[in-house]
$ cat start-v3.csv   # CSV, C-alpha atoms and all ligand atoms
chain,number,residue,atom,x,y,z
A,1,MET,CA,81.0,-74.6,40.3
A,2,LYS,CA,77.5,-73.3,41.0
A,3,ARG,CA,77.0,-71.3,44.1
A,4,ALA,CA,74.1,-70.2,46.3
A,5,CYS,CA,73.8,-68.8,49.8
A,6,VAL,CA,71.4,-67.8,52.5
A,7,ILE,CA,71.5,-64.2,53.7
A,8,GLY,CA,70.1,-62.7,57.0
A,9,TRP,CA,71.2,-60.6,60.0
A,10,PRO,CA,72.0,-62.4,62.1
A,11,ILE,CA,72.6,-65.6,60.1
A,12,ALA,CA,74.7,-67.9,62.4
A,13,HIS,CA,71.6,-69.9,63.5
A,14,SER,CA,70.5,-70.8,59.9
A,15,ARG,CA,70.2,-74.5,59.2
A,16,SER,CA,69.8,-74.0,55.4
A,17,PRO,CA,73.4,-74.8,54.6
A,18,MET,CA,73.0,-78.2,56.3
A,19,ILE,CA,70.0,-78.9,54.1
A,20,HIS,CA,71.5,-77.8,50.8
A,21,SER,CA,74.9,-79.3,51.5
A,22,TYR,CA,73.1,-82.7,52.0
A,23,TRP,CA,71.4,-82.4,48.7
A,24,LEU,CA,74.6,-81.3,46.9
A,25,ARG,CA,76.4,-84.4,48.3
A,26,LYS,CA,73.4,-86.7,47.5
A,27,HIS,CA,73.3,-85.6,43.9
A,28,GLY,CA,77.1,-85.4,43.4
A,29,ILE,CA,76.8,-81.8,42.3
A,30,ASP,CA,79.8,-79.5,42.1
A,31,GLY,CA,78.3,-76.7,44.1
A,32,ALA,CA,78.4,-74.7,47.3
A,33,TYR,CA,75.8,-73.2,49.6
A,34,THR,CA,77.0,-70.9,52.3
A,35,LYS,CA,75.6,-68.4,54.8
A,36,ILE,CA,76.4,-64.8,54.6
A,37,ALA,CA,75.6,-62.1,57.2
A,38,VAL,CA,74.3,-59.1,55.4
A,39,GLU,CA,73.7,-55.9,57.4
A,40,PRO,CA,70.3,-54.2,56.8
A,41,ASP,CA,71.9,-51.2,55.1
A,42,ARG,CA,73.8,-53.5,52.7
A,43,ILE,CA,71.0,-55.6,51.4
A,44,GLU,CA,70.3,-53.7,48.2
A,45,SER,CA,74.0,-53.5,47.2
A,46,PHE,CA,74.5,-57.2,48.0
A,47,LEU,CA,71.6,-58.2,45.8
A,48,ALA,CA,72.7,-55.9,43.0
A,49,ARG,CA,76.0,-57.7,42.9
A,50,LEU,CA,74.6,-61.3,43.3
A,51,ALA,CA,75.3,-62.4,39.7
A,52,GLU,CA,78.6,-60.6,39.5
A,53,ASP,CA,79.7,-62.3,42.7
A,54,GLY,CA,79.0,-65.7,41.1
A,55,TYR,CA,75.8,-66.7,42.8
A,56,ALA,CA,72.9,-68.5,41.0
A,57,GLY,CA,70.6,-67.2,43.7
A,58,CYS,CA,70.0,-67.2,47.4
A,59,ASN,CA,67.6,-67.8,50.3
A,60,VAL,CA,66.6,-64.8,52.3
A,61,THR,CA,65.7,-64.7,55.9
A,62,VAL,CA,64.9,-62.2,58.6
A,63,PRO,CA,65.1,-59.2,58.3
A,64,HIS,CA,65.6,-59.0,54.5
A,65,LYS,CA,62.5,-60.8,53.1
A,66,GLN,CA,60.5,-57.6,52.3
A,67,ALA,CA,63.6,-55.9,50.8
A,68,ALA,CA,64.3,-58.9,48.6
A,69,TYR,CA,60.7,-58.7,47.3
A,70,ARG,CA,61.1,-55.0,46.6
A,71,VAL,CA,64.5,-55.3,44.8
A,72,ALA,CA,63.5,-58.4,42.7
A,73,GLN,CA,62.8,-57.6,39.0
A,74,ALA,CA,60.3,-60.4,38.6
A,75,ARG,CA,58.1,-62.0,41.3
A,76,ASP,CA,55.8,-65.0,41.2
A,77,ARG,CA,52.3,-65.1,42.7
A,78,SER,CA,53.6,-66.7,45.9
A,79,ALA,CA,55.8,-63.7,46.6
A,80,ASP,CA,53.1,-61.2,45.6
A,81,LEU,CA,50.7,-62.7,48.1
A,82,VAL,CA,53.1,-62.2,51.0
A,83,LYS,CA,54.9,-59.2,49.6
A,84,ALA,CA,58.1,-60.9,50.9
A,85,ALA,CA,60.5,-63.3,49.3
A,86,ASN,CA,62.6,-66.2,50.8
A,87,THR,CA,64.0,-67.5,47.5
A,88,LEU,CA,65.8,-65.6,44.7
A,89,TRP,CA,67.3,-66.8,41.5
A,90,LEU,CA,68.6,-65.4,38.3
A,91,GLU,CA,66.8,-66.1,35.0
A,92,ARG,CA,67.8,-64.5,31.8
A,93,GLY,CA,69.7,-61.8,33.7
A,94,LEU,CA,66.7,-60.9,35.9
A,95,LEU,CA,66.5,-61.4,39.7
A,96,CYS,CA,63.4,-63.4,40.3
A,97,ALA,CA,61.6,-63.9,43.6
A,98,ALA,CA,59.3,-66.5,45.2
A,99,ASN,CA,58.0,-67.2,48.6
A,100,THR,CA,58.1,-71.0,49.2
A,101,ASP,CA,56.7,-71.0,52.8
A,102,GLY,CA,53.1,-71.7,51.8
A,103,THR,CA,53.9,-74.6,49.4
A,104,GLY,CA,56.5,-75.9,51.9
A,105,PHE,CA,53.9,-76.1,54.6
A,106,MET,CA,51.3,-77.7,52.3
A,107,MET,CA,53.7,-80.3,51.0
A,108,HIS,CA,54.6,-81.4,54.5
A,109,LEU,CA,51.0,-81.4,55.6
A,110,ALA,CA,49.9,-83.5,52.6
A,111,ALA,CA,52.9,-85.9,53.2
A,112,THR,CA,52.1,-86.3,56.9
A,113,THR,CA,48.3,-86.4,56.9
A,114,PRO,CA,47.1,-86.9,53.3
A,115,ASP,CA,43.4,-86.9,54.4
A,116,TRP,CA,43.6,-83.5,56.2
A,117,ASN,CA,40.8,-82.0,54.0
A,118,ARG,CA,38.6,-85.0,53.8
A,119,SER,CA,36.0,-83.7,56.3
A,120,GLY,CA,35.7,-80.3,54.5
A,121,ARG,CA,35.7,-78.6,57.9
A,122,PRO,CA,37.4,-75.2,58.5
A,123,VAL,CA,41.1,-74.6,59.1
A,124,VAL,CA,42.3,-72.2,61.8
A,125,ILE,CA,45.4,-70.0,61.4
A,126,LEU,CA,46.8,-68.6,64.7
A,127,GLY,CA,48.7,-65.5,63.8
A,128,ALA,CA,48.7,-63.0,60.9
A,129,GLY,CA,52.4,-62.4,60.0
A,130,GLY,CA,54.2,-63.3,56.8
A,131,ALA,CA,54.0,-67.1,57.4
A,132,ALA,CA,50.3,-66.8,58.1
A,133,ARG,CA,49.8,-65.0,54.8
A,134,ALA,CA,51.7,-67.7,52.9
A,135,ILE,CA,49.9,-70.5,54.5
A,136,THR,CA,46.5,-68.9,54.2
A,137,GLY,CA,47.1,-68.5,50.4
A,138,SER,CA,48.0,-72.2,50.1
A,139,PHE,CA,44.8,-73.3,52.0
A,140,LEU,CA,42.7,-71.0,49.7
A,141,ASP,CA,44.5,-72.6,46.7
A,142,ALA,CA,43.6,-76.0,48.1
A,143,ARG,CA,39.9,-74.9,48.1
A,144,VAL,CA,39.2,-75.3,51.8
A,145,SER,CA,35.7,-74.4,52.9
A,146,GLU,CA,36.8,-71.7,55.4
A,147,VAL,CA,40.0,-70.3,56.8
A,148,ARG,CA,39.6,-68.7,60.2
A,149,ILE,CA,42.3,-66.2,61.1
A,150,CYS,CA,42.9,-65.5,64.7
A,151,ASN,CA,45.5,-62.9,65.7
A,152,ARG,CA,46.3,-61.0,68.9
A,153,THR,CA,46.2,-57.8,66.9
A,154,ARG,CA,42.9,-57.9,65.0
A,155,ASP,CA,43.9,-55.2,62.5
A,156,ARG,CA,46.6,-57.4,61.0
A,157,ALA,CA,44.1,-60.3,60.5
A,158,ASP,CA,41.7,-57.9,58.8
A,159,THR,CA,44.5,-56.6,56.5
A,160,LEU,CA,45.5,-60.2,55.7
A,161,ALA,CA,42.0,-61.1,54.7
A,162,ALA,CA,41.6,-57.9,52.6
A,163,ASP,CA,44.8,-58.6,50.7
A,164,MET,CA,43.7,-62.0,49.5
A,165,SER,CA,42.7,-61.2,46.0
A,166,GLU,CA,41.3,-64.7,45.4
A,167,GLY,CA,39.2,-66.7,47.8
A,168,GLY,CA,38.9,-63.9,50.4
A,169,GLU,CA,35.2,-64.7,50.8
A,170,HIS,CA,36.3,-68.0,52.4
A,171,ILE,CA,38.1,-66.2,55.2
A,172,SER,CA,36.6,-65.3,58.6
A,173,ILE,CA,38.3,-63.4,61.4
A,174,TYR,CA,38.1,-64.4,65.1
A,175,ASP,CA,39.2,-62.3,68.0
A,176,TRP,CA,42.2,-63.6,69.9
A,177,PRO,CA,40.1,-64.5,73.0
A,178,ASP,CA,37.8,-66.6,70.8
A,179,ARG,CA,40.6,-68.9,69.5
A,180,GLY,CA,39.4,-71.9,71.5
A,181,ARG,CA,35.9,-71.6,69.9
A,182,ALA,CA,37.4,-71.2,66.4
A,183,CYS,CA,39.2,-74.5,66.9
A,184,ASP,CA,36.2,-76.5,68.2
A,185,ASP,CA,35.1,-77.9,64.8
A,186,ALA,CA,38.3,-77.3,62.8
A,187,ALA,CA,39.9,-79.9,60.6
A,188,VAL,CA,43.4,-78.3,60.8
A,189,ILE,CA,44.8,-75.9,63.4
A,190,VAL,CA,48.1,-74.1,62.6
A,191,ASN,CA,50.3,-72.1,64.9
A,192,THR,CA,52.1,-69.5,62.9
A,193,THR,CA,52.9,-67.2,65.8
A,194,THR,CA,56.3,-67.1,67.4
A,195,LEU,CA,54.9,-68.5,70.6
A,196,GLY,CA,56.5,-71.8,71.5
A,197,MET,CA,60.0,-70.9,70.3
A,198,LYS,CA,62.7,-71.3,72.9
A,199,GLY,CA,62.5,-68.2,75.1
A,200,GLU,CA,59.0,-67.1,73.9
A,201,GLY,CA,55.8,-67.8,75.8
A,202,ILE,CA,53.5,-70.7,75.1
A,203,ILE,CA,50.5,-70.5,72.9
A,204,ASP,CA,47.5,-71.2,75.1
A,205,VAL,CA,44.7,-72.7,73.1
A,206,ASP,CA,42.0,-75.0,74.6
A,207,LEU,CA,42.1,-78.2,72.4
A,208,SER,CA,39.8,-80.1,74.8
A,209,ARG,CA,36.7,-79.7,72.7
A,210,CYS,CA,38.1,-80.0,69.2
A,211,ALA,CA,37.3,-83.0,66.9
A,212,ASP,CA,39.2,-86.2,67.5
A,213,ASP,CA,40.3,-86.3,63.9
A,214,ALA,CA,41.7,-82.7,63.9
A,215,VAL,CA,45.3,-82.1,62.8
A,216,VAL,CA,47.4,-79.7,64.8
A,217,ALA,CA,50.4,-78.1,63.1
A,218,ASP,CA,53.2,-75.7,64.3
A,219,ILE,CA,55.6,-73.8,62.1
A,220,VAL,CA,58.0,-73.4,65.1
A,221,TYR,CA,60.8,-76.1,64.9
A,222,VAL,CA,63.0,-75.3,67.8
A,223,PRO,CA,62.1,-77.2,69.9
A,224,LEU,CA,61.2,-80.0,67.5
A,225,GLU,CA,58.0,-80.8,69.5
A,226,THR,CA,56.6,-77.5,70.9
A,227,GLU,CA,54.5,-77.4,74.0
A,228,PHE,CA,51.5,-76.8,71.7
A,229,LEU,CA,52.2,-80.0,69.7
A,230,ARG,CA,52.9,-82.0,72.9
A,231,ARG,CA,49.5,-81.0,74.3
A,232,ALA,CA,47.8,-81.9,71.1
A,233,ARG,CA,49.5,-85.3,71.1
A,234,HIS,CA,48.5,-85.9,74.7
A,235,ARG,CA,44.9,-85.0,73.6
A,236,GLY,CA,45.2,-87.8,71.0
A,237,LEU,CA,45.4,-85.5,68.0
A,238,ARG,CA,47.6,-85.9,65.0
A,239,THR,CA,50.5,-83.5,64.9
A,240,VAL,CA,52.6,-81.9,62.1
A,241,ASP,CA,55.8,-80.2,63.1
A,242,GLY,CA,57.7,-77.2,61.7
A,243,LEU,CA,60.8,-79.1,60.6
A,244,GLY,CA,59.0,-80.6,57.7
A,245,MET,CA,58.0,-77.2,56.4
A,246,LEU,CA,61.6,-76.0,56.8
A,247,LEU,CA,62.8,-78.9,54.6
A,248,HIS,CA,60.1,-78.6,52.0
A,249,GLN,CA,60.4,-74.9,51.6
A,250,ALA,CA,64.1,-75.3,50.7
A,251,ALA,CA,63.5,-77.7,47.7
A,252,PRO,CA,62.3,-75.2,45.0
A,253,GLY,CA,65.4,-73.0,45.5
A,254,PHE,CA,67.7,-75.9,45.2
A,255,GLU,CA,66.0,-76.9,41.9
A,256,LYS,CA,66.3,-73.3,40.5
A,257,TRP,CA,70.0,-73.0,41.4
A,258,PHE,CA,71.3,-76.5,40.8
A,259,GLY,CA,68.9,-78.0,38.3
A,260,VAL,CA,67.7,-81.0,40.3
A,261,ARG,CA,64.5,-81.3,42.2
A,262,PRO,CA,65.7,-82.7,45.6
A,263,GLU,CA,63.8,-85.1,47.9
A,264,VAL,CA,63.0,-84.5,51.5
A,265,THR,CA,64.2,-87.9,52.8
A,266,LEU,CA,64.0,-89.4,56.3
A,267,GLU,CA,67.8,-89.3,56.4
A,268,LEU,CA,67.8,-85.5,55.9
A,269,ARG,CA,65.1,-85.1,58.5
A,270,ALA,CA,67.1,-87.1,61.0
A,271,LEU,CA,70.2,-85.1,60.3
A,272,LEU,CA,68.3,-81.8,61.1
A,273,ALA,CA,66.5,-83.3,64.1
A,274,ARG,CA,69.8,-84.4,65.6
A,275,ASP,CA,71.2,-80.9,65.2
A,276,ILE,CA,68.1,-79.2,66.6
A,277,GLU,CA,68.1,-81.5,69.6
A,278,GLY,CA,71.9,-80.9,70.1
A,279,ARG,CA,72.7,-84.6,69.8
B,301,LIG,P1,56.4,-64.0,60.5
B,301,LIG,O1,56.5,-63.0,59.4
B,301,LIG,O2,57.6,-64.8,60.6
B,301,LIG,O3,55.2,-64.8,60.5
B,301,LIG,P2,55.7,-61.8,62.3
B,301,LIG,O4,55.3,-61.0,61.2
B,301,LIG,O5,56.7,-61.2,63.3
B,301,LIG,O6,56.4,-63.2,61.9
B,301,LIG,O7,54.5,-62.4,63.1
B,301,LIG,C1,54.5,-62.9,64.3
B,301,LIG,C2,53.1,-63.4,64.8
B,301,LIG,O8,53.2,-63.9,66.1
B,301,LIG,C3,52.1,-62.3,64.8
B,301,LIG,O9,50.8,-62.9,64.4
B,301,LIG,C4,52.1,-61.9,66.2
B,301,LIG,O10,50.9,-61.3,66.6
B,301,LIG,P3,50.7,-59.7,66.5
B,301,LIG,O11,50.3,-59.4,65.1
B,301,LIG,O12,49.6,-59.4,67.4
B,301,LIG,O13,52.0,-59.1,66.9
B,301,LIG,C5,52.2,-63.2,66.9
B,301,LIG,N1,52.7,-63.1,68.3
B,301,LIG,C6,54.0,-62.8,68.7
B,301,LIG,N2,54.0,-62.7,70.1
B,301,LIG,C7,52.8,-63.0,70.5
B,301,LIG,C8,52.2,-63.2,71.8
B,301,LIG,N3,52.9,-63.0,72.9
B,301,LIG,N4,50.8,-63.5,71.8
B,301,LIG,C9,50.1,-63.7,70.7
B,301,LIG,N5,50.6,-63.6,69.5
B,301,LIG,C10,51.9,-63.3,69.4

$ encode --input "start-v3.csv" --output "structure tokens"
Amino acid sequence: MKRACVIGWPIAHSRSPMIHSYWLRKHGIDGAYTKIAVEPDRIESFLARLAEDGYAGCNVTVPHKQAAYRVAQARDRSADLVKAANTLWLERGLLCAANTDGTGFMMHLAATTPDWNRSGRPVVILGAGGAARAITGSFLDARVSEVRICNRTRDRADTLAADMSEGGEHISIYDWPDRGRACDDAAVIVNTTTLGMKGEGIIDVDLSRCADDAVVADIVYVPLETEFLRRARHRGLRTVDGLGMLLHQAAPGFEKWFGVRPEVTLELRALLARDIEGR
């Protein structure tokens, strides 16, 4: 039986087992995907024993993504870009690392709003953490005209831009108080901050002047429709939620461990949506 897991500290909240167990059932694979709480001081020893313990690989969540990147013996470009890994697998005895957040976001955006880049206008990223890095990299790969980064702490936005080895000339930085102005003529606006999560504050961005065909995305998925997305919807804008990104970022890991490229189906989405909404 093939085995994989998700590791984090804490890990009880993780919905990854629900996603991978669905795909294992769907494809009739004799496999298991579990969640394991790994304390911060045990991460290196846990990863060193991954193969010995019978795992084909694992997903990695907070706070271990940077350690996973460091410990890996081979890293793909997606992981190098963010200097953090969320997906690990064993290949010819080597522990390999990727970061699938950027492609996960992009696959969901393309599936939901295929024409998102038709206008060629700028995209706006609110935030400059790990997720912002991954998503910025994917937008640069998609050859957008301009990526505007807007973060409460300006230094982090500057560092993010400086770290982009390719396409950095397409990045501009906006100060946090100027976020409304940055959004005025944007094609896509993405919240990558933690604002909007249950218990956090609300991201306050004036969407009243932005273009009618703008797409507004959030990577927060609890609640399923954040206040930011609700306001965008009321303004008549198209919205892209964080659940789709969560589902799409999971697919590459499943393929590495279990040998089948799984599909993000409406049925899977509904399963997760029910769980998030506590139905
Ligand atoms: P991740 O790696 O998951 O993207 P992170 O690195 O903790 O998460 O980044 C969180 C993001 O949310 C950052 O951009 C952070 O802004 P700072 O760099 O200024 O800390 C942003 N953020 C968190 N709380 C915020 C708040 N109250 N107002 C504005 N931005 C906030």

$ residues_near_ligand --input "start-v3.csv" --ligand "ligand LIG 301 (chain B)" --cutoff "12 Å" --atoms "all atoms listed in the file" --output "JSON, numbers by chain"
{"A": [61, 62, 63, 64, 65, 66, 82, 83, 84, 85, 86, 99, 101, 102, 125, 126, 127, 128, 129, 130, 131, 132, 133, 134, 135, 136, 149, 150, 151, 152, 153, 154, 155, 156, 157, 158, 159, 160, 175, 176, 177, 179, 190, 191, 192, 193, 194, 195, 196, 197, 199, 200, 201, 202, 203, 204, 205, 218, 219, 220]}

$ residues_around --input "start-v3.csv" --residues "A:Thr103" --least-positions-apart "6" --cutoff "12 Å" --atoms "only C-alpha atoms" --output "ChimeraX atom specification"
/A:77-79,109-111,131,133-142,244-252

$ atom_distance --input "start-v3.csv" --atom1 "atom CA of A:Arg233" --atom2 "atom CA of A:Ala273"
18.5 Å

$ residues_around --input "start-v3.csv" --residues "A:Arg3" --least-positions-apart "4" --cutoff "10 Å" --atoms "all atoms listed in the file" --output "list of chain:residue names"
A:Asp30, A:Gly31, A:Ala32, A:Tyr33, A:Thr34, A:Asp53, A:Gly54, A:Tyr55, A:Ala56, A:Gly57, A:Cys58, A:Trp257, A:Phe258

$ closest_residue --input "start-v3.csv" --among "A:Val124, A:Ala68, A:Leu229, A:Cys210" --to "A:Asp185" --atoms "all atoms listed in the file"
A:Cys210

$ atom_distance --input "start-v3.csv" --atom1 "atom CA of A:Phe105" --atom2 "atom CA of A:Ala51"
29.5 Å

$ closest_residue --input "start-v3.csv" --among "A:Asp184, A:Glu146, A:Asp213, A:Asp41" --to "A:Gly168" --atoms "only C-alpha atoms"
A:Glu146

$ atom_distance --input "start-v3.csv" --atom1 "atom CA of A:Asp275" --atom2 "atom CA of A:Ser21"
14.3 Å

$ closest_residue --input "start-v3.csv" --among "A:Leu47, A:Leu271, A:Met106, A:Cys5" --to "A:Met18" --atoms "all atoms listed in the file"
A:Leu271

$ closest_residue --input "start-v3.csv" --among "A:Ala161, A:Ala67, A:Ile36, A:Ala214" --to "A:Asn117" --atoms "only C-alpha atoms"
A:Ala214

$ closest_residue --input "start-v3.csv" --among "A:Ala37, A:Leu24, A:Leu243, A:Ala72" --to "A:Pro10" --atoms "all atoms listed in the file"
A:Ala37

$ build_atoms --input "start-v3.csv" --residues "stretch 36-69 of chain A" --atoms "N, CA and C atoms" --output "tab-separated table (two decimals), in the coordinates of the input"
chain	number	residue	atom	x	y	z
A	36	ILE	N	75.69	-66.07	54.65
A	36	ILE	CA	76.40	-64.80	54.60
A	36	ILE	C	75.57	-63.77	55.46
A	37	ALA	N	76.24	-63.16	56.41
A	37	ALA	CA	75.60	-62.10	57.20
A	37	ALA	C	75.59	-60.81	56.42
A	38	VAL	N	74.41	-60.31	56.16
A	38	VAL	CA	74.30	-59.10	55.40
A	38	VAL	C	73.57	-58.03	56.28
A	39	GLU	N	74.27	-56.95	56.59
A	39	GLU	CA	73.70	-55.90	57.40
A	39	GLU	C	72.50	-55.27	56.69
A	40	PRO	N	71.50	-54.80	57.45
A	40	PRO	CA	70.30	-54.20	56.80
A	40	PRO	C	70.62	-53.13	55.80
A	41	ASP	N	71.62	-52.31	56.05
A	41	ASP	CA	71.90	-51.20	55.10
A	41	ASP	C	72.69	-51.68	53.88
A	42	ARG	N	73.02	-52.98	53.82
A	42	ARG	CA	73.80	-53.50	52.70
A	42	ARG	C	73.02	-54.41	51.77
A	43	ILE	N	71.74	-54.62	52.11
A	43	ILE	CA	71.00	-55.60	51.40
A	43	ILE	C	70.83	-55.30	49.90
A	44	GLU	N	70.53	-54.04	49.60
A	44	GLU	CA	70.30	-53.70	48.20
A	44	GLU	C	71.58	-53.83	47.38
A	45	SER	N	72.71	-53.38	47.92
A	45	SER	CA	74.00	-53.50	47.20
A	45	SER	C	74.39	-54.95	47.05
A	46	PHE	N	74.11	-55.75	48.09
A	46	PHE	CA	74.50	-57.20	48.00
A	46	PHE	C	73.69	-57.85	46.87
A	47	LEU	N	72.39	-57.59	46.82
A	47	LEU	CA	71.60	-58.20	45.80
A	47	LEU	C	71.91	-57.72	44.39
A	48	ALA	N	72.28	-56.46	44.30
A	48	ALA	CA	72.70	-55.90	43.00
A	48	ALA	C	73.90	-56.60	42.43
A	49	ARG	N	74.77	-57.11	43.32
A	49	ARG	CA	76.00	-57.70	42.90
A	49	ARG	C	75.95	-59.28	42.87
A	50	LEU	N	74.77	-59.83	43.13
A	50	LEU	CA	74.60	-61.30	43.30
A	50	LEU	C	75.22	-62.08	42.14
A	51	ALA	N	74.83	-61.69	40.91
A	51	ALA	CA	75.30	-62.40	39.70
A	51	ALA	C	76.79	-62.21	39.53
A	52	GLU	N	77.21	-60.97	39.64
A	52	GLU	CA	78.60	-60.60	39.50
A	52	GLU	C	79.50	-61.40	40.49
A	53	ASP	N	78.97	-61.60	41.68
A	53	ASP	CA	79.70	-62.30	42.70
A	53	ASP	C	79.68	-63.84	42.51
A	54	GLY	N	78.99	-64.27	41.47
A	54	GLY	CA	79.00	-65.70	41.10
A	54	GLY	C	77.94	-66.56	41.68
A	55	TYR	N	76.87	-65.94	42.18
A	55	TYR	CA	75.80	-66.70	42.80
A	55	TYR	C	74.66	-66.97	41.73
A	56	ALA	N	74.11	-68.18	41.81
A	56	ALA	CA	72.90	-68.50	41.00
A	56	ALA	C	71.67	-67.99	41.64
A	57	GLY	N	71.76	-67.69	42.93
A	57	GLY	CA	70.60	-67.20	43.70
A	57	GLY	C	70.86	-67.35	45.16
A	58	CYS	N	69.81	-67.08	45.94
A	58	CYS	CA	70.00	-67.20	47.40
A	58	CYS	C	68.64	-67.39	48.10
A	59	ASN	N	68.74	-67.86	49.34
A	59	ASN	CA	67.60	-67.80	50.30
A	59	ASN	C	67.72	-66.52	51.07
A	60	VAL	N	66.59	-66.05	51.52
A	60	VAL	CA	66.60	-64.80	52.30
A	60	VAL	C	65.79	-65.02	53.55
A	61	THR	N	66.41	-64.59	54.66
A	61	THR	CA	65.70	-64.70	55.90
A	61	THR	C	65.64	-63.36	56.63
A	62	VAL	N	65.11	-63.38	57.84
A	62	VAL	CA	64.90	-62.20	58.60
A	62	VAL	C	66.19	-61.35	58.70
A	63	PRO	N	66.20	-60.05	58.51
A	63	PRO	CA	65.10	-59.20	58.30
A	63	PRO	C	64.91	-58.73	56.82
A	64	HIS	N	65.43	-59.53	55.87
A	64	HIS	CA	65.60	-59.00	54.50
A	64	HIS	C	64.45	-59.48	53.53
A	65	LYS	N	63.44	-60.23	54.02
A	65	LYS	CA	62.50	-60.80	53.10
A	65	LYS	C	61.68	-59.74	52.31
A	66	GLN	N	61.31	-58.66	52.98
A	66	GLN	CA	60.50	-57.60	52.30
A	66	GLN	C	61.44	-56.85	51.30
A	67	ALA	N	62.67	-56.57	51.71
A	67	ALA	CA	63.60	-55.90	50.80
A	67	ALA	C	63.88	-56.72	49.57
A	68	ALA	N	64.03	-58.02	49.76
A	68	ALA	CA	64.30	-58.90	48.60
A	68	ALA	C	63.13	-58.87	47.65
A	69	TYR	N	61.93	-58.82	48.19
A	69	TYR	CA	60.70	-58.70	47.30
A	69	TYR	C	60.76	-57.44	46.53
